[in-house]
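structure-v1.txt, holding compact mmCIF, C-alpha atoms:
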```txt
# COMPACT_ATOMS: atom_id res chain seq x y z
CA MET T 87 -98.94 -81.01 -3.36
CA ILE T 88 -95.95 -79.87 -1.45
CA ILE T 89 -94.28 -76.73 -2.58
CA ARG T 90 -90.77 -76.60 -1.38
CA ARG T 91 -88.84 -73.43 -1.36
CA PHE T 92 -85.16 -73.30 -0.88
CA SER T 93 -83.61 -69.94 -0.52
CA GLY T 94 -81.21 -69.24 -3.35
CA LEU T 95 -82.89 -71.65 -5.72
CA PRO T 96 -84.98 -70.26 -8.53
CA THR T 97 -88.65 -70.24 -7.84
CA TRP T 98 -91.52 -69.61 -10.21
CA ASP T 99 -92.92 -66.52 -8.65
CA TRP T 100 -91.17 -63.90 -10.72
CA ARG T 101 -93.18 -60.83 -11.19
CA SER T 102 -92.09 -60.66 -14.80
CA PRO T 103 -89.53 -62.42 -16.94
CA PHE T 104 -87.52 -59.23 -16.97
CA ASP T 105 -86.89 -59.42 -13.26
CA GLU T 106 -84.83 -62.49 -13.85
CA LEU T 107 -82.88 -60.77 -16.62
CA GLU T 108 -82.28 -57.85 -14.35
CA ARG T 109 -81.04 -60.18 -11.65
CA MET T 110 -78.64 -61.82 -14.08
CA ARG T 111 -77.39 -58.45 -15.18
CA MET T 112 -76.75 -57.42 -11.60
CA GLU T 113 -74.97 -60.66 -10.94
CA LEU T 114 -72.71 -60.06 -13.92
CA ASP T 115 -72.06 -56.52 -12.76
CA ARG T 116 -71.15 -57.82 -9.36
CA ARG T 117 -68.77 -60.41 -10.79
CA ALA T 118 -67.14 -57.84 -13.01
CA GLY T 119 -66.31 -55.91 -9.87
CA ASP T 120 -65.14 -58.98 -7.99
CA TYR T 121 -61.55 -58.85 -9.09
CA PRO T 122 -59.56 -57.28 -6.31
CA GLY T 123 -58.92 -53.63 -6.85
CA SER T 124 -60.81 -53.62 -10.12
CA VAL T 125 -62.82 -50.60 -11.05
CA PHE T 126 -63.84 -52.11 -14.36
CA ARG T 127 -67.47 -52.78 -14.83
CA LEU T 128 -69.45 -54.27 -17.62
CA PRO T 129 -71.33 -51.56 -19.41
CA PRO T 130 -75.03 -52.12 -20.02
CA ALA T 131 -75.57 -53.98 -23.29
CA GLY T 132 -75.76 -52.03 -26.50
CA VAL T 133 -74.65 -48.65 -25.21
CA PHE T 134 -72.33 -46.20 -26.88
CA PRO T 135 -69.91 -44.73 -26.03
CA LEU T 136 -68.09 -46.51 -23.24
CA VAL T 137 -67.08 -44.10 -20.51
CA ASN T 138 -64.45 -43.89 -17.82
CA VAL T 139 -65.47 -41.88 -14.79
CA THR T 140 -63.07 -40.37 -12.27
CA GLU T 141 -63.48 -37.85 -9.52
CA ASP T 142 -61.57 -35.47 -7.36
CA GLN T 143 -62.83 -33.39 -4.48
CA ASP T 144 -64.75 -30.94 -6.62
CA ASN T 145 -65.58 -32.63 -9.90
CA TYR T 146 -66.50 -35.76 -11.75
CA TYR T 147 -64.73 -36.38 -15.03
CA VAL T 148 -66.51 -38.46 -17.64
CA ARG T 149 -64.38 -39.49 -20.58
CA ALA T 150 -65.26 -41.23 -23.80
CA GLU T 151 -63.27 -42.18 -26.86
CA LEU T 152 -64.97 -40.63 -29.87
CA PRO T 153 -62.42 -40.44 -32.66
CA GLY T 154 -63.41 -38.13 -35.47
CA VAL T 155 -66.49 -36.76 -33.71
CA LYS T 156 -66.56 -32.99 -33.69
CA THR T 157 -67.68 -31.15 -30.57
CA ASP T 158 -70.46 -29.37 -32.46
CA GLU T 159 -71.94 -32.74 -33.38
CA LEU T 160 -72.27 -33.67 -29.74
CA GLY T 161 -75.19 -33.02 -27.45
CA ILE T 162 -74.36 -32.83 -23.76
CA SER T 163 -77.06 -32.22 -21.20
CA VAL T 164 -77.05 -32.43 -17.43
CA THR T 165 -79.91 -32.60 -14.98
CA GLY T 166 -79.69 -33.40 -11.28
CA ASP T 167 -77.23 -36.25 -11.14
CA THR T 168 -77.40 -37.49 -14.72
CA LEU T 169 -75.41 -36.70 -17.81
CA THR T 170 -76.74 -37.39 -21.28
CA LEU T 171 -74.34 -37.72 -24.17
CA SER T 172 -75.76 -37.92 -27.64
CA GLY T 173 -74.58 -37.33 -31.14
CA GLU T 174 -73.68 -38.89 -34.37
CA ARG T 175 -70.44 -40.22 -35.65
CA LYS T 176 -70.12 -39.40 -39.31
CA LEU T 177 -67.41 -40.78 -41.50
CA PRO T 178 -66.52 -38.38 -44.29
CA GLU T 179 -67.66 -39.52 -47.70
CA GLU T 180 -64.82 -40.96 -49.71
CA SER T 181 -64.45 -40.84 -53.46
CA GLU T 182 -67.14 -42.85 -55.20
CA LYS T 183 -64.53 -44.64 -57.23
CA ALA T 184 -62.84 -45.98 -54.13
CA SER T 185 -63.19 -49.64 -53.38
CA TYR T 186 -62.91 -50.84 -49.80
CA HIS T 187 -60.48 -53.52 -48.75
CA ARG T 188 -61.39 -53.23 -45.13
CA ARG T 189 -64.14 -51.40 -43.34
CA GLU T 190 -63.99 -51.65 -39.59
CA ARG T 191 -64.77 -48.10 -38.52
CA GLU T 192 -68.43 -47.47 -37.93
CA ALA T 193 -70.70 -44.51 -38.30
CA GLY T 194 -74.00 -43.99 -36.56
CA SER T 195 -75.90 -42.13 -33.91
CA PHE T 196 -75.68 -42.64 -30.19
CA SER T 197 -77.24 -41.53 -26.96
CA ARG T 198 -76.31 -42.51 -23.47
CA VAL T 199 -77.44 -41.54 -20.01
CA ILE T 200 -74.89 -41.77 -17.21
CA SER T 201 -75.89 -41.48 -13.58
CA LEU T 202 -73.35 -40.06 -11.19
CA PRO T 203 -73.22 -40.72 -7.48
CA THR T 204 -74.11 -37.18 -6.39
CA ARG T 205 -75.97 -34.15 -7.61
CA LEU T 206 -74.16 -31.87 -10.02
CA ASP T 207 -73.74 -28.18 -10.41
CA VAL T 208 -75.45 -28.03 -13.78
CA ASP T 209 -74.41 -24.46 -14.58
CA LYS T 210 -70.70 -25.10 -14.46
CA VAL T 211 -70.36 -28.18 -16.63
CA LYS T 212 -67.51 -27.99 -19.11
CA ALA T 213 -66.66 -30.25 -22.02
CA LEU T 214 -63.59 -30.48 -24.15
CA ALA T 215 -62.42 -32.82 -26.85
CA GLU T 216 -58.79 -33.57 -27.47
CA ASP T 217 -57.28 -36.13 -29.83
CA GLY T 218 -60.64 -37.85 -30.17
CA VAL T 219 -61.23 -38.16 -26.43
CA LEU T 220 -64.13 -36.24 -24.95
CA THR T 221 -63.85 -35.05 -21.36
CA VAL T 222 -66.88 -33.70 -19.55
CA VAL T 223 -66.06 -31.94 -16.28
CA LEU T 224 -69.04 -32.05 -13.92
CA PRO T 225 -68.69 -30.01 -10.75
CA LYS T 226 -70.33 -31.61 -7.74
CA ALA T 227 -73.15 -29.62 -6.24
CA GLU T 228 -72.14 -27.63 -3.15
CA SER T 229 -74.56 -29.64 -1.05
CA ALA T 230 -72.91 -32.90 -2.11
CA LYS T 231 -69.35 -31.92 -1.24
CA PRO T 232 -67.80 -33.20 1.96
CA ARG T 233 -67.57 -30.49 4.51
CA GLN T 234 -64.83 -30.05 7.03
CA ILE T 235 -66.31 -29.39 10.43
CA ALA T 236 -64.06 -27.74 12.90
CA VAL T 237 -64.45 -29.04 16.41
CA LYS T 238 -64.05 -26.34 18.94
CA SER T 239 -62.87 -27.16 22.36
CA SER T 240 -64.83 -25.45 25.01
CA MET E 85 -72.88 -43.46 -45.62
CA THR E 86 -75.65 -43.65 -48.09
CA GLU E 87 -78.20 -45.39 -45.89
CA THR E 88 -81.17 -43.20 -45.26
CA GLU E 89 -81.63 -44.39 -41.73
CA THR E 90 -78.74 -43.80 -39.39
CA LYS E 91 -77.58 -46.82 -37.55
CA SER E 92 -77.29 -46.54 -33.81
CA LEU E 93 -73.82 -47.32 -32.59
CA GLN E 94 -73.01 -50.07 -30.16
CA ALA E 95 -69.83 -50.01 -28.19
CA LYS E 96 -67.28 -52.67 -28.92
CA GLU E 97 -64.57 -53.63 -26.59
CA LYS E 98 -61.15 -52.79 -27.91
CA LYS E 99 -59.47 -55.76 -29.47
CA GLU E 100 -56.46 -56.76 -27.49
CA VAL E 101 -53.55 -58.30 -29.34
CA THR E 102 -50.69 -60.40 -28.11
CA THR E 103 -47.66 -58.26 -27.73
CA PRO E 104 -45.26 -58.59 -30.62
CA ALA E 105 -41.71 -59.36 -29.64
CA GLU E 106 -40.41 -55.92 -30.53
CA LEU E 107 -42.58 -54.18 -27.99
CA THR E 108 -40.88 -54.27 -24.66
CA LYS E 109 -42.92 -51.69 -22.78
CA PRO E 110 -45.47 -53.18 -20.41
CA GLY E 111 -49.14 -52.41 -20.87
CA LEU E 112 -52.10 -53.40 -22.97
CA VAL E 113 -51.89 -53.46 -26.74
CA PHE E 114 -54.94 -52.99 -28.94
CA ASN E 115 -55.71 -53.41 -32.59
CA PRO E 116 -57.13 -50.14 -33.91
CA ALA E 117 -60.14 -50.22 -36.23
CA VAL E 118 -59.11 -49.33 -39.77
CA ASP E 119 -60.63 -48.61 -43.14
CA ILE E 120 -58.53 -49.28 -46.21
CA LEU E 121 -59.72 -48.00 -49.53
CA GLU E 122 -58.23 -47.88 -52.94
CA THR E 123 -58.64 -45.61 -55.92
CA GLU E 124 -56.78 -45.58 -59.21
CA ARG E 125 -54.18 -43.22 -57.81
CA GLU E 126 -53.73 -44.22 -54.22
CA LEU E 127 -54.50 -46.37 -51.23
CA THR E 128 -55.92 -44.63 -48.18
CA LEU E 129 -55.70 -46.02 -44.69
CA LEU E 130 -57.87 -44.56 -41.93
CA ALA E 131 -57.32 -45.66 -38.36
CA ASP E 132 -59.13 -44.76 -35.15
CA LEU E 133 -56.49 -43.83 -32.60
CA PRO E 134 -58.28 -41.95 -29.83
CA GLY E 135 -56.03 -40.40 -27.22
CA VAL E 136 -52.94 -40.46 -29.41
CA LYS E 137 -50.89 -37.34 -29.99
CA ALA E 138 -48.90 -36.93 -33.21
CA LYS E 139 -45.61 -37.19 -31.34
CA ASP E 140 -46.57 -40.59 -29.92
CA LEU E 141 -47.47 -42.11 -33.26
CA LYS E 142 -44.82 -44.07 -35.11
CA ILE E 143 -45.27 -45.14 -38.68
CA ASP E 144 -42.57 -47.41 -39.88
CA LEU E 145 -42.08 -48.85 -43.32
CA ASN E 146 -39.63 -51.66 -43.74
CA ASN E 147 -39.51 -54.18 -46.58
CA ASN E 148 -43.05 -53.32 -47.64
CA VAL E 149 -44.34 -53.88 -44.12
CA LEU E 150 -46.09 -50.86 -42.68
CA THR E 151 -46.20 -50.78 -38.89
CA LEU E 152 -48.32 -48.45 -36.82
CA THR E 153 -47.42 -48.03 -33.16
CA ALA E 154 -49.15 -45.43 -31.05
CA ASP E 155 -49.18 -44.69 -27.36
CA GLU E 156 -52.28 -43.24 -25.79
CA THR E 157 -51.79 -40.25 -23.56
CA LEU E 158 -53.81 -40.71 -20.41
CA PRO E 159 -55.99 -37.66 -19.97
CA GLU E 160 -56.54 -38.12 -16.25
CA GLY E 161 -55.09 -35.53 -13.91
CA SER E 162 -52.97 -36.67 -11.01
CA GLY E 163 -55.56 -35.92 -8.32
CA GLU E 164 -58.31 -37.99 -9.91
CA LYS E 165 -59.56 -41.22 -8.45
CA ASP E 166 -61.46 -43.85 -10.40
CA VAL E 167 -65.20 -44.14 -9.96
CA PHE E 168 -65.61 -46.78 -12.63
CA ARG E 169 -64.07 -47.75 -15.93
CA GLU E 170 -65.60 -49.31 -19.00
CA TYR E 171 -62.82 -48.95 -21.53
CA ARG E 172 -59.16 -49.59 -21.26
CA THR E 173 -56.23 -47.60 -22.51
CA GLY E 174 -52.79 -48.53 -23.65
CA ARG E 175 -51.09 -48.75 -26.95
CA TYR E 176 -52.21 -49.40 -30.51
CA TYR E 177 -50.32 -51.68 -32.83
CA ARG E 178 -51.02 -52.96 -36.29
CA GLN E 179 -49.08 -54.15 -39.29
CA PHE E 180 -49.90 -54.18 -42.98
CA THR E 181 -48.07 -55.56 -45.96
CA LEU E 182 -47.99 -53.17 -48.89
CA SER E 183 -47.60 -54.10 -52.48
CA ASP E 184 -44.70 -52.82 -54.56
CA THR E 185 -46.96 -50.41 -56.36
CA ILE E 186 -46.83 -47.89 -53.48
CA ASP E 187 -44.51 -44.95 -53.95
CA GLN E 188 -42.94 -45.13 -50.54
CA SER E 189 -41.34 -41.69 -50.78
CA LYS E 190 -44.70 -39.94 -51.13
CA ILE E 191 -46.60 -41.38 -48.18
CA GLU E 192 -48.39 -38.71 -46.20
CA ALA E 193 -49.90 -38.98 -42.73
CA VAL E 194 -52.33 -36.66 -40.96
CA LEU E 195 -53.58 -37.25 -37.42
CA LYS E 196 -56.64 -35.24 -36.45
CA ASP E 197 -59.15 -35.72 -33.63
CA GLY E 198 -57.86 -39.22 -33.00
CA VAL E 199 -58.18 -40.35 -36.61
CA LEU E 200 -55.11 -41.12 -38.71
CA ARG E 201 -55.34 -40.64 -42.44
CA LEU E 202 -52.50 -42.20 -44.32
CA ALA E 203 -52.24 -41.53 -48.05
CA LEU E 204 -50.23 -44.10 -49.96
CA PRO E 205 -49.85 -42.97 -53.57
CA LYS E 206 -49.21 -45.55 -56.21
CA VAL E 207 -46.09 -45.49 -58.32
CA GLU E 208 -46.60 -43.56 -61.51
CA ALA E 209 -44.93 -46.22 -63.64
CA ALA E 210 -48.23 -47.14 -65.16
CA THR E 211 -48.87 -43.62 -66.37
CA PRO E 212 -47.84 -43.41 -70.02
CA ARG E 213 -45.15 -40.84 -70.59
CA LYS E 214 -44.61 -38.99 -73.79
CA ILE E 215 -41.05 -39.02 -74.91
CA THR E 216 -40.05 -36.47 -77.43
CA ILE E 217 -37.37 -37.52 -79.83
CA LYS E 218 -35.16 -34.89 -81.26
CA ALA E 219 -33.95 -35.35 -84.75
CA GLY E 220 -30.16 -35.46 -84.88
CA SER E 221 -28.56 -32.87 -87.11
```
Rewritten as structure tokens:
Amino acid sequence: MIIRRFSGLPTWDWRSPFDELERMRMELDRRAGDYPGSVFRLPPAGVFPLVNVTEDQDNYYVRAELPGVKTDELGISVTGDTLTLSGERKLPEESEKASYHRREREAGSFSRVISLPTRLDVDKVKALAEDGVLTVVLPKAESAKPRQIAVKSS
Amino acid sequence: MTETETKSLQAKEKKEVTTPAELTKPGLVFNPAVDILETERELTLLADLPGVKAKDLKIDLNNNVLTLTADETLPEGSGEKDVFREYRTGRYYRQFTLSDTIDQSKIEAVLKDGVLRLALPKVEAATPRKITIKAGS
């Protein structure tokens, strides 16, 4: 029997079926980033909340839309280079006599781990919520910041 | 929620809508998620409008058509550069047709933590009123 292998064609030597899923996921991620100038990426399936991440020289800013979620219902923890957001979105109980015509808003619990490109200064993390948008300010660790090196002429 | 087990939330992409003719500003337009509930006395409309400040929310009532238009304020500072984005921002727009039973002069709106609560009381016409008749002298 001749076993032919062409590079780029699927072969049957996957270590586990999940490797193939992982490969597909990565492919999708890559395509999502293919559009010129696009910073949009497909979030991993089933996560909540979606986040937008920006940076400046000193900090990362992670933002999430969490309408109606109070800051004291949120758990924010930071270790190394990862941020964990968890909490529960509760919708206030309405009158029992009320009948719903439409119910699109959802309640439930969530937890999400977000990895950032560099290590973080865990002691100086700040979080604020405004108009239903949570902003977590994550200072970059000193060691991760770019350093200006002055070149002296002899 | 009365369920004993809390559901875990899954993110949904914001629903984009085709721009209605009246909106001339460029940008993305989304349909906000709403709950509409009714009691004997009033209709209540709850809408998720994250990132919207009270001054940027317009509620318009014209010929029984209620229109919500809201612009999101972008929270990003000027010096920030994108690392990656998963959700998009823009403007919220949605229209509802109300029945005649709403007392349009008593509509109240509260926007808190990105959630709009709109109270639409029903006309009191149905409430029986006692009319006292004076005997003429």
Measuring atom to atom with only C-alpha atoms, identify which of E:Gln188, E:Asn115, E:Thr102, E:Asn146 is nearest to chain T.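 Smallest separation from chain T among the options: E:Asn115.
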One decimal, in Å: what's the spacing between CA of Leu195 (chain E) and CA of Lys137 (chain E)?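 About the pair CA of Leu195 (chain E) and CA of Lys137 (chain E): they are 7.9 Å apart.
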Between CA of Glu208 (chain E) and CA of Arg178 (chain E), what is the distance, to one decimal in Å? 27.3 Å
Write down, as a PyMOL selection string, each residue of chain T that has any atom within 6 Å of an atom of chain E, counting only C-alpha atoms. chain T and resi 125-127+132-142+151+153-154+184-191+194-196+217-219
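Pairwise distance (CA of Glu182 (chain T), CA of Pro205 (chain E)) equals 17.4 Å.
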Residues within 7 Å of region 156-159 of chain T, only C-alpha atoms, excluding chain neighbours under 3 positions, as a list in words: Gly173, Glu174 and Ala215 of chain T
Which residues come within 10 Å of Pro203 (chain T), counting only C-alpha atoms, excluding same-chain residues fewer than 4 positions away, as a list of chain:residue names?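 Selected residues are T:Tyr146, T:Asp167, T:Thr168, T:Lys226, T:Ala230, E:Val167.
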As JSON, please report the centre and edge lengths, rounded to one decimal in Å, of the axis-aligned box that holds all listed atoms of region 223-234 of chain T with 6 Å of padding on each of the six sides.
```
{"center_x": -69.7, "center_y": -30.4, "center_z": -4.6, "size_x": 21.7, "size_y": 17.6, "size_z": 35.3}
```
Env of Val101 (chain E): 9 Å cut, atoms = all atoms listed in the file, seq-sep filter 5 positions within chain, self excluded. Answer as JSON, numbers by chain. {"E": [112, 113, 114, 115, 177]}
Include C-alpha atoms and write out the residues we just selected as an mmCIF file, in the frame of the given file.
```cif
data_model
loop_
_atom_site.group_PDB
_atom_site.id
_atom_site.type_symbol
_atom_site.label_atom_id
_atom_site.label_comp_id
_atom_site.auth_asym_id
_atom_site.auth_seq_id
_atom_site.Cartn_x
_atom_site.Cartn_y
_atom_site.Cartn_z
ATOM 1 C CA LEU E 112 -52.100 -53.400 -22.970
ATOM 2 C CA VAL E 113 -51.890 -53.460 -26.740
ATOM 3 C CA PHE E 114 -54.940 -52.990 -28.940
ATOM 4 C CA ASN E 115 -55.710 -53.410 -32.590
ATOM 5 C CA TYR E 177 -50.320 -51.680 -32.830
#
```
